[in-house]
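Peer 1: Here you go, my_file_1.tsv (TSV, C-alpha atoms):
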```
chain	number	residue	atom	x	y	z
A	1	MET	CA	59.05	-19.75	-26.39
A	2	ASN	CA	56.15	-18.93	-24.13
A	3	ILE	CA	56.21	-15.33	-25.25
A	4	VAL	CA	56.12	-16.34	-28.92
A	5	PHE	CA	53.18	-18.61	-28.22
A	6	ARG	CA	51.30	-15.83	-26.47
A	7	LYS	CA	51.97	-13.43	-29.31
A	8	LEU	CA	50.63	-15.95	-31.80
A	9	GLN	CA	47.58	-16.57	-29.63
A	10	ARG	CA	46.95	-12.83	-29.45
A	11	ILE	CA	47.19	-12.46	-33.23
A	12	PHE	CA	44.82	-15.40	-33.67
A	13	ASN	CA	42.33	-13.93	-31.20
A	14	VAL	CA	42.32	-10.52	-32.82
A	15	ALA	CA	41.84	-12.12	-36.25
A	16	VAL	CA	38.89	-14.16	-34.97
A	17	TRP	CA	37.26	-11.20	-33.30
A	18	ARG	CA	37.80	-8.98	-36.31
A	19	TYR	CA	36.90	-11.27	-39.20
A	20	LEU	CA	34.45	-13.78	-37.78
A	21	PRO	CA	30.95	-13.07	-36.39
A	22	PRO	CA	30.86	-11.42	-32.95
A	23	CYS	CA	29.96	-13.10	-29.64
A	24	LYS	CA	26.36	-11.99	-29.95
A	25	GLU	CA	25.92	-14.30	-32.94
A	26	ILE	CA	28.18	-17.06	-31.68
A	27	VAL	CA	26.16	-17.56	-28.49
A	28	ARG	CA	23.12	-18.22	-30.65
A	29	THR	CA	25.01	-20.82	-32.65
A	30	ALA	CA	26.26	-22.30	-29.40
A	31	SER	CA	22.71	-22.54	-28.09
A	32	ASP	CA	21.55	-24.07	-31.39
A	33	SER	CA	24.31	-26.65	-31.15
A	34	LEU	CA	22.48	-28.12	-28.15
A	35	ASP	CA	19.27	-28.58	-30.15
A	36	ARG	CA	20.29	-29.38	-33.70
A	37	LYS	CA	23.20	-30.48	-35.82
A	38	LEU	CA	25.22	-27.49	-36.97
A	39	SER	CA	26.31	-27.12	-40.57
A	40	VAL	CA	30.03	-27.66	-41.15
A	41	ARG	CA	30.51	-23.95	-41.70
A	42	GLU	CA	28.70	-22.97	-38.49
A	43	SER	CA	30.57	-25.58	-36.55
A	44	VAL	CA	34.00	-24.46	-37.78
A	45	VAL	CA	33.23	-20.80	-37.16
A	46	MET	CA	32.02	-21.58	-33.66
A	47	ARG	CA	35.07	-23.67	-32.80
A	48	LEU	CA	37.48	-21.03	-34.05
A	49	HIS	CA	35.64	-18.43	-32.03
A	50	LEU	CA	35.58	-20.56	-28.90
A	51	TRP	CA	39.33	-20.96	-29.17
A	52	ALA	CA	39.71	-17.22	-28.87
A	53	CYS	CA	36.88	-16.35	-26.50
A	54	LEU	CA	36.63	-17.58	-22.93
A	55	PRO	CA	33.24	-15.97	-22.10
A	56	CYS	CA	31.61	-17.79	-25.02
A	57	VAL	CA	33.14	-21.07	-23.87
A	58	ARG	CA	31.60	-20.41	-20.46
A	59	TYR	CA	28.24	-19.64	-22.01
A	60	LEU	CA	28.20	-23.01	-23.74
A	61	GLU	CA	29.49	-24.93	-20.73
A	62	GLN	CA	27.08	-23.28	-18.34
A	63	SER	CA	24.16	-23.93	-20.68
A	64	LYS	CA	25.09	-27.61	-20.73
A	65	TYR	CA	25.43	-27.52	-16.99
A	66	ILE	CA	21.92	-26.11	-16.60
A	67	ARG	CA	20.64	-28.88	-18.86
A	68	ASP	CA	22.28	-31.51	-16.64
A	69	ALA	CA	20.96	-29.83	-13.52
A	70	LEU	CA	17.42	-29.86	-14.90
A	71	HIS	CA	17.72	-33.56	-15.68
A	72	GLU	CA	18.88	-34.16	-12.15
A	73	TYR	CA	16.03	-32.05	-10.83
A	74	ASP	CA	13.56	-34.05	-12.89
A	75	ASP	CA	14.96	-37.33	-11.59
A	76	ARG	CA	14.66	-36.14	-8.01
A	77	ARG	CA	11.10	-35.07	-8.51
A	78	ALA	CA	10.36	-38.43	-10.09
A	79	SER	CA	11.83	-40.30	-7.14
A	80	GLU	CA	9.79	-38.23	-4.72
A	81	LEU	CA	6.76	-39.58	-6.54
A	82	GLN	CA	7.75	-43.21	-5.96
A	83	SER	CA	5.10	-43.58	-3.30
A	84	LYS	CA	2.33	-42.49	-5.62
A	85	VAL	CA	0.08	-45.28	-6.83
A	86	LEU	CA	-3.22	-45.53	-8.63
A	87	SER	CA	-6.14	-45.75	-6.24
A	88	ASP	CA	-7.94	-49.12	-6.06
A	89	GLU	CA	-11.01	-47.49	-7.46
A	90	THR	CA	-9.19	-46.17	-10.51
A	91	ARG	CA	-7.46	-49.49	-10.93
A	92	GLU	CA	-10.75	-51.37	-11.09
A	93	ARG	CA	-12.29	-48.78	-13.37
A	94	LEU	CA	-9.36	-49.04	-15.79
A	95	LYS	CA	-9.53	-52.83	-15.80
A	96	ASP	CA	-13.24	-52.84	-16.56
A	97	LEU	CA	-12.74	-50.31	-19.27
A	98	LEU	CA	-9.92	-52.31	-20.83
A	99	LYS	CA	-11.93	-55.54	-20.81
A	100	THR	CA	-14.83	-53.83	-22.53
A	101	SER	CA	-12.69	-52.05	-25.07
A	102	ALA	CA	-10.59	-55.08	-25.80
A	103	GLY	CA	-13.78	-56.98	-26.51
A	104	LEU	CA	-15.16	-54.22	-28.69
A	105	PHE	CA	-11.92	-53.90	-30.57
A	106	ALA	CA	-11.76	-57.62	-31.21
A	107	LEU	CA	-15.36	-57.46	-32.39
A	108	PHE	CA	-14.56	-54.74	-34.90
A	109	SER	CA	-11.46	-56.46	-36.14
A	110	VAL	CA	-13.61	-59.46	-37.07
A	111	PHE	CA	-15.50	-57.40	-39.63
B	1	MET	CA	-20.44	-61.05	-16.35
B	2	MET	CA	-21.15	-57.50	-17.25
B	3	GLN	CA	-18.56	-57.48	-19.99
B	4	THR	CA	-20.02	-60.52	-21.65
B	5	GLU	CA	-23.35	-58.75	-21.83
B	6	THR	CA	-21.78	-55.68	-23.36
B	7	VAL	CA	-20.00	-57.58	-26.09
B	8	PRO	CA	-21.75	-60.87	-26.71
B	9	PHE	CA	-20.34	-61.67	-30.13
B	10	ALA	CA	-16.64	-61.41	-29.60
B	11	LEU	CA	-16.15	-64.78	-28.00
B	12	SER	CA	-14.25	-66.30	-30.84
B	13	LYS	CA	-11.60	-63.63	-30.55
B	14	THR	CA	-11.59	-62.77	-26.91
B	15	ASN	CA	-11.66	-64.64	-23.68
B	16	MET	CA	-14.10	-62.44	-21.87
B	17	GLN	CA	-13.14	-63.65	-18.44
B	18	THR	CA	-9.63	-62.29	-18.68
B	19	GLY	CA	-9.99	-59.86	-21.52
B	20	GLU	CA	-7.24	-61.73	-23.27
B	21	ILE	CA	-7.16	-61.24	-26.99
B	22	VAL	CA	-5.92	-63.66	-29.56
B	23	LEU	CA	-5.11	-61.88	-32.78
B	24	ASN	CA	-4.70	-63.73	-36.03
B	25	GLN	CA	-2.29	-61.67	-38.08
B	26	VAL	CA	0.31	-60.65	-35.54
B	27	PRO	CA	3.63	-62.41	-34.96
B	28	LYS	CA	3.59	-65.25	-32.48
B	29	GLN	CA	5.35	-63.58	-29.60
B	30	ALA	CA	2.81	-60.77	-29.61
B	31	ALA	CA	-0.15	-63.01	-30.17
B	32	ARG	CA	-1.23	-63.17	-26.56
B	33	ILE	CA	-1.49	-59.88	-24.76
B	34	ASP	CA	-3.56	-59.33	-21.71
B	35	PRO	CA	-4.60	-55.66	-21.49
B	36	THR	CA	-6.07	-55.93	-18.01
B	37	ALA	CA	-2.73	-57.08	-16.68
B	38	TRP	CA	-1.25	-53.78	-17.86
B	39	VAL	CA	-3.02	-52.02	-15.01
B	40	ASP	CA	-1.26	-54.08	-12.34
B	41	ASP	CA	2.04	-54.47	-14.18
B	42	HIS	CA	2.58	-50.95	-15.43
B	43	GLY	CA	-0.26	-48.78	-14.12
B	44	ASP	CA	1.63	-47.22	-11.23
B	45	PHE	CA	4.72	-46.68	-13.32
B	46	LEU	CA	2.77	-44.91	-16.06
B	47	PHE	CA	0.84	-42.91	-13.49
B	48	ARG	CA	4.02	-41.65	-11.79
B	49	TYR	CA	5.57	-40.83	-15.13
B	50	ALA	CA	2.50	-38.79	-16.03
B	51	VAL	CA	2.22	-37.04	-12.66
B	52	ALA	CA	5.85	-35.99	-12.82
B	53	ARG	CA	5.17	-34.18	-16.06
B	54	LEU	CA	1.60	-33.02	-15.69
B	55	ARG	CA	1.71	-32.24	-11.98
B	56	ASP	CA	-1.92	-33.12	-11.50
B	57	ASP	CA	-3.25	-36.47	-10.30
B	58	SER	CA	-6.57	-36.43	-12.06
B	59	ILE	CA	-5.17	-35.25	-15.39
B	60	ALA	CA	-2.49	-37.93	-15.05
B	61	GLU	CA	-5.16	-40.60	-14.51
B	62	ASP	CA	-7.01	-39.46	-17.61
B	63	VAL	CA	-3.85	-39.56	-19.68
B	64	VAL	CA	-3.00	-43.06	-18.44
B	65	GLN	CA	-6.49	-44.18	-19.38
B	66	GLU	CA	-6.15	-42.68	-22.87
B	67	THR	CA	-2.80	-44.40	-23.19
B	68	LEU	CA	-4.11	-47.85	-22.32
B	69	LEU	CA	-7.08	-47.49	-24.65
B	70	SER	CA	-4.94	-46.38	-27.51
B	71	ALA	CA	-2.55	-49.25	-26.75
B	72	ILE	CA	-5.38	-51.70	-27.34
B	73	GLN	CA	-5.97	-50.21	-30.76
B	74	SER	CA	-2.35	-50.37	-31.77
B	75	MET	CA	-1.67	-53.81	-30.32
B	76	GLY	CA	-1.40	-55.17	-33.84
B	77	SER	CA	1.60	-52.97	-34.54
B	78	TYR	CA	3.38	-53.90	-31.30
B	79	SER	CA	6.15	-56.14	-32.49
B	80	GLY	CA	7.05	-57.55	-29.12
B	81	LYS	CA	10.61	-56.36	-29.66
B	82	ALA	CA	10.51	-53.57	-27.10
B	83	SER	CA	9.41	-54.45	-23.62
B	84	GLU	CA	5.73	-53.91	-22.92
B	85	ARG	CA	6.59	-51.08	-20.55
B	86	THR	CA	8.78	-49.27	-23.08
B	87	TRP	CA	6.04	-49.58	-25.65
B	88	LEU	CA	3.36	-48.25	-23.30
B	89	THR	CA	5.65	-45.43	-22.15
B	90	SER	CA	6.21	-44.28	-25.71
B	91	ILE	CA	2.45	-44.09	-26.23
B	92	LEU	CA	2.10	-42.23	-22.94
B	93	LYS	CA	4.72	-39.71	-24.04
B	94	HIS	CA	2.68	-38.85	-27.08
B	95	LYS	CA	-0.48	-38.52	-25.01
B	96	ILE	CA	1.35	-36.11	-22.72
B	97	ILE	CA	2.46	-34.03	-25.69
B	98	ASP	CA	-1.14	-34.01	-26.92
B	99	HIS	CA	-2.26	-32.74	-23.56
B	100	PHE	CA	0.47	-30.13	-23.50
B	101	ARG	CA	-0.44	-29.06	-27.01
B	102	ARG	CA	-4.04	-28.53	-26.01
B	103	SER	CA	-3.11	-26.45	-22.99
B	104	VAL	CA	-0.21	-24.49	-24.49
B	105	ARG	CA	-2.10	-23.55	-27.64
B	106	GLU	CA	-4.31	-21.56	-25.36
B	107	ILE	CA	-1.41	-19.34	-24.44
B	108	PRO	CA	-0.86	-17.49	-27.70
B	109	ILE	CA	2.72	-16.97	-28.77
B	110	ASP	CA	3.72	-13.52	-27.79
B	111	GLU	CA	6.11	-11.51	-29.88
B	112	SER	CA	8.08	-10.82	-26.74
B	113	ASP	CA	8.76	-14.57	-26.45
B	114	THR	CA	11.05	-14.45	-29.45
B	115	ASP	CA	12.47	-11.01	-28.79
B	116	LEU	CA	16.14	-11.08	-27.87
B	117	SER	CA	16.63	-7.32	-27.61
B	118	GLY	CA	16.46	-7.60	-23.84
B	119	PHE	CA	19.93	-9.10	-23.99
B	120	ASP	CA	21.46	-6.31	-26.06
B	121	LYS	CA	23.06	-4.79	-23.00
B	122	PHE	CA	25.15	-7.94	-22.56
B	123	PHE	CA	26.87	-7.12	-25.84
B	124	GLU	CA	27.29	-3.38	-25.55
B	125	ARG	CA	30.83	-2.07	-25.58
B	126	ASP	CA	32.43	1.32	-25.95
B	127	ASP	CA	35.49	0.11	-27.81
B	128	GLU	CA	35.98	-1.22	-31.32
B	129	TRP	CA	34.72	-4.75	-30.44
B	130	LYS	CA	31.07	-4.17	-31.17
B	131	ASN	CA	28.71	-6.98	-30.24
B	132	HIS	CA	31.23	-8.86	-28.18
B	133	TRP	CA	30.55	-9.55	-24.51
B	134	ASN	CA	30.35	-6.53	-22.26
B	135	ASN	CA	33.18	-6.76	-19.75
B	136	ASP	CA	30.93	-6.43	-16.72
B	137	LEU	CA	28.14	-8.70	-17.91
B	138	GLN	CA	30.08	-11.53	-19.54
B	139	PRO	CA	29.78	-15.02	-18.08
B	140	TYR	CA	32.40	-15.53	-15.45
B	141	ASP	CA	33.89	-18.63	-14.00
B	142	TRP	CA	31.25	-20.33	-11.86
B	143	ASN	CA	34.02	-21.36	-9.61
B	144	MET	CA	32.25	-24.29	-8.09
B	145	SER	CA	32.53	-27.96	-8.77
B	146	PRO	CA	29.40	-28.88	-10.70
B	147	GLU	CA	28.87	-32.07	-8.70
B	148	ALA	CA	28.98	-30.25	-5.39
B	149	ALA	CA	26.21	-27.84	-6.32
B	150	LEU	CA	23.92	-30.65	-7.40
B	151	GLN	CA	24.11	-32.12	-3.90
B	152	GLU	CA	22.40	-29.15	-2.38
B	153	ASN	CA	18.66	-28.76	-2.20
B	154	GLU	CA	18.92	-25.02	-2.11
B	155	PHE	CA	20.51	-25.09	-5.55
B	156	PHE	CA	17.37	-26.62	-7.00
B	157	MET	CA	15.17	-24.11	-5.26
B	158	VAL	CA	17.12	-21.30	-6.89
B	159	LEU	CA	16.92	-23.11	-10.22
B	160	GLN	CA	13.18	-23.54	-9.91
B	161	ASN	CA	12.84	-19.91	-8.95
B	162	CYS	CA	14.78	-18.85	-12.02
B	163	MET	CA	12.61	-21.08	-14.21
B	164	SER	CA	9.49	-19.47	-12.83
B	165	LYS	CA	10.74	-16.04	-13.84
B	166	LEU	CA	10.66	-17.02	-17.50
B	167	PRO	CA	7.53	-16.20	-19.49
B	168	GLU	CA	5.11	-19.13	-19.26
B	169	ARG	CA	5.41	-20.30	-22.82
B	170	VAL	CA	9.18	-19.95	-22.91
B	171	ALA	CA	9.46	-22.01	-19.73
B	172	GLY	CA	7.05	-24.62	-21.10
B	173	VAL	CA	8.98	-25.11	-24.32
B	174	PHE	CA	12.29	-25.14	-22.48
B	175	ALA	CA	11.09	-27.77	-20.00
B	176	LEU	CA	9.77	-30.02	-22.77
B	177	ARG	CA	13.19	-30.01	-24.36
B	178	GLU	CA	15.53	-29.99	-21.36
B	179	MET	CA	13.55	-31.94	-18.77
B	180	ASP	CA	11.44	-34.28	-20.86
B	181	GLY	CA	14.17	-34.64	-23.45
B	182	LEU	CA	11.84	-34.40	-26.42
B	183	ASP	CA	13.20	-33.96	-29.90
B	184	SER	CA	13.21	-30.44	-31.33
B	185	THR	CA	11.11	-31.52	-34.29
B	186	GLU	CA	8.56	-33.24	-32.04
B	187	ILE	CA	8.14	-30.06	-30.03
B	188	CYS	CA	7.86	-27.81	-33.08
B	189	GLU	CA	5.22	-30.04	-34.61
B	190	ALA	CA	3.23	-30.38	-31.43
B	191	LEU	CA	3.23	-26.67	-30.66
B	192	CYS	CA	3.09	-25.39	-34.25
B	193	LEU	CA	6.34	-23.51	-33.81
B	194	THR	CA	8.73	-22.72	-36.63
B	195	ALA	CA	12.20	-24.15	-36.08
B	196	ALA	CA	13.66	-20.64	-36.07
B	197	ASN	CA	11.27	-19.48	-33.35
B	198	PHE	CA	11.98	-22.60	-31.33
B	199	TRP	CA	15.73	-21.93	-31.36
B	200	VAL	CA	15.24	-18.32	-30.39
B	201	ILE	CA	13.03	-19.38	-27.48
B	202	MET	CA	15.64	-21.89	-26.31
B	203	HIS	CA	18.42	-19.34	-26.55
B	204	ARG	CA	16.32	-16.84	-24.71
B	205	ALA	CA	15.64	-19.26	-21.90
B	206	ARG	CA	19.32	-20.17	-21.65
B	207	MET	CA	20.47	-16.56	-21.54
B	208	SER	CA	17.99	-15.73	-18.78
B	209	LEU	CA	18.54	-18.88	-16.72
B	210	ARG	CA	22.30	-18.66	-16.96
B	211	ARG	CA	22.31	-15.06	-15.81
B	212	CYS	CA	19.77	-15.72	-13.09
B	213	MET	CA	21.78	-18.64	-11.69
B	214	GLU	CA	24.93	-16.57	-11.85
B	215	LEU	CA	23.42	-13.75	-9.85
B	216	ASN	CA	21.46	-15.83	-7.37
B	217	TRP	CA	23.62	-18.83	-6.76
B	218	PHE	CA	27.15	-18.66	-8.05
B	219	LYS	CA	27.89	-15.15	-7.00
B	220	LYS	CA	27.74	-16.25	-3.38
B	221	ALA	CA	30.38	-18.86	-3.92
```
For this file, write the structure as structure tokens.

Peer 2:
Amino acid sequence: MNIVFRKLQRIFNVAVWRYLPPCKEIVRTASDSLDRKLSVRESVVMRLHLWACLPCVRYLEQSKYIRDALHEYDDRRASELQSKVLSDETRERLKDLLKTSAGLFALFSVF
Amino acid sequence: MMQTETVPFALSKTNMQTGEIVLNQVPKQAARIDPTAWVDDHGDFLFRYAVARLRDDSIAEDVVQETLLSAIQSMGSYSGKASERTWLTSILKHKIIDHFRRSVREIPIDESDTDLSGFDKFFERDDEWKNHWNNDLQPYDWNMSPEAALQENEFFMVLQNCMSKLPERVAGVFALREMDGLDSTEICEALCLTAANFWVIMHRARMSLRRCMELNWFKKA
């Protein structure tokens, strides 16, 4: 049973490699899939290919992994900044500016 | 009061002591907004958000200032549905893109940014399977639990190092998308990129980063 299954898998793989676009194109589709919605055709072709091609599966998974890692990195950097605050001087300046502008804006909206 | 002197006629609409504005046409829940309170309520939050992305205190201050001023102008369109902070943050995001646009436009797009031929060797084979992964250069199993790697500081140093090896513009575009989580269309519009070029740049960054991480981090495992 196992042998039959493997034979079938092998036939499927060879068919995919022979008749569908090669890895070089599939990795681009895989990358695109992280940034836009694929067309049905692209999506089906990619899935069939991924079934037959472990390196391309890894490419997609590792790309997602890098995305997650960058998010994590960004969060860490953000939490390191927790101690950062606006200086009192800037704070006062902003408040003054807002009061003035709010007044001006209200003035203009009257006319 | 200095402010009263600056704007002597606005008294019917504005309480000059607090800067509080009462607008006529807006829905009730948004009718009373106090812009000066934004500074104490959200100032530090907005500032940190900006510093994390712009990496420069004084630029971040300027952008926060622009944000608050533009918030005053669009107060009428604030429905009060989103929290004040969410609303201000969304304005800040756009101001950050504006800033990025101004600075990135100065780095002209280089043809090499969208050139993928550097990766041709990854798909060179001697046998009949042209353009499939080269056996020696194909991605291999990273063989490490993803969660474990993210615990280690050294991992992020390697990642940062790999990012810095990308061409400046490629890295900038990639960070906007993957770190700031901006929409593809937002980025293309802001940076005057065609969608096709944007996707090539993203793919290029992914190919390089993936390979770089593989060689510099996962190979040790």

Peer 1: What is the CA of Tyr49 in chain B-CA of Glu80 in chain A distance in Å, reported with one decimal?

Peer 2: 11.5 Å

Peer 1: With 8 Å as the threshold, what does the neighbourhood of (40.1, -17.2, -28.5) contain in terms of residues, counting only C-alpha atoms? Coordinates are those of the file; answer as a count of residues only.

Peer 2: 11

Peer 1: Under the rule that only C-alpha atoms are counted, which of B:Arg211, B:Arg85, B:His132, B:Arg53 is the nearest residue to chain A?

Peer 2: B:His132

Peer 1: Could you tell me how far CA of Leu193 in chain B sits from CA of Leu88 in chain B, in Å to one decimal place?

Peer 2: 27.0 Å

Peer 1: Measure the distance from CA of Phe174 in chain B to CA of Met202 in chain B in Å and round it to one decimal.

Peer 2: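 Separation between CA of Phe174 in chain B and CA of Met202 in chain B: 6.0 Å.
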
Peer 1: Neighbouring residues of Glu111 in chain B were defined as those with any atom within 12 Å, considering only C-alpha atoms; residues of the same chain fewer than 3 positions away were excluded. Please report them as a ChimeraX atom specification.

Peer 2: /B:108,114-117,167,169-170,197,200-201

Peer 1: Please save C-alpha atoms of the selected residues as a PDB file, in the coordinates of the input.

Peer 2:
```pdb
ATOM      1  CA  PRO B 108      -0.860 -17.490 -27.700  1.00  0.00           C
ATOM      2  CA  THR B 114      11.050 -14.450 -29.450  1.00  0.00           C
ATOM      3  CA  ASP B 115      12.470 -11.010 -28.790  1.00  0.00           C
ATOM      4  CA  LEU B 116      16.140 -11.080 -27.870  1.00  0.00           C
ATOM      5  CA  SER B 117      16.630  -7.320 -27.610  1.00  0.00           C
ATOM      6  CA  PRO B 167       7.530 -16.200 -19.490  1.00  0.00           C
ATOM      7  CA  ARG B 169       5.410 -20.300 -22.820  1.00  0.00           C
ATOM      8  CA  VAL B 170       9.180 -19.950 -22.910  1.00  0.00           C
ATOM      9  CA  ASN B 197      11.270 -19.480 -33.350  1.00  0.00           C
ATOM     10  CA  VAL B 200      15.240 -18.320 -30.390  1.00  0.00           C
ATOM     11  CA  ILE B 201      13.030 -19.380 -27.480  1.00  0.00           C
TER      12      ILE B 201
END
```

Peer 1: So which one's closest to Lys99 in chain A, B:Ala37, B:Ala175, B:Leu46, B:Cys192? Using all atoms listed in the file, please.

Peer 2: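 Nearest candidate to Lys99 in chain A out of B:Ala37, B:Ala175, B:Leu46, B:Cys192: B:Ala37.
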
Peer 1: Identify which of the residues B:Ala190, B:Asp127, B:Gln73, B:Asp62 lies closest to Leu107 in chain A, counting all atoms listed in the file when measuring atom-to-atom distances.

Peer 2: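 The shortest atom-to-atom distance to Leu107 in chain A comes from B:Gln73.
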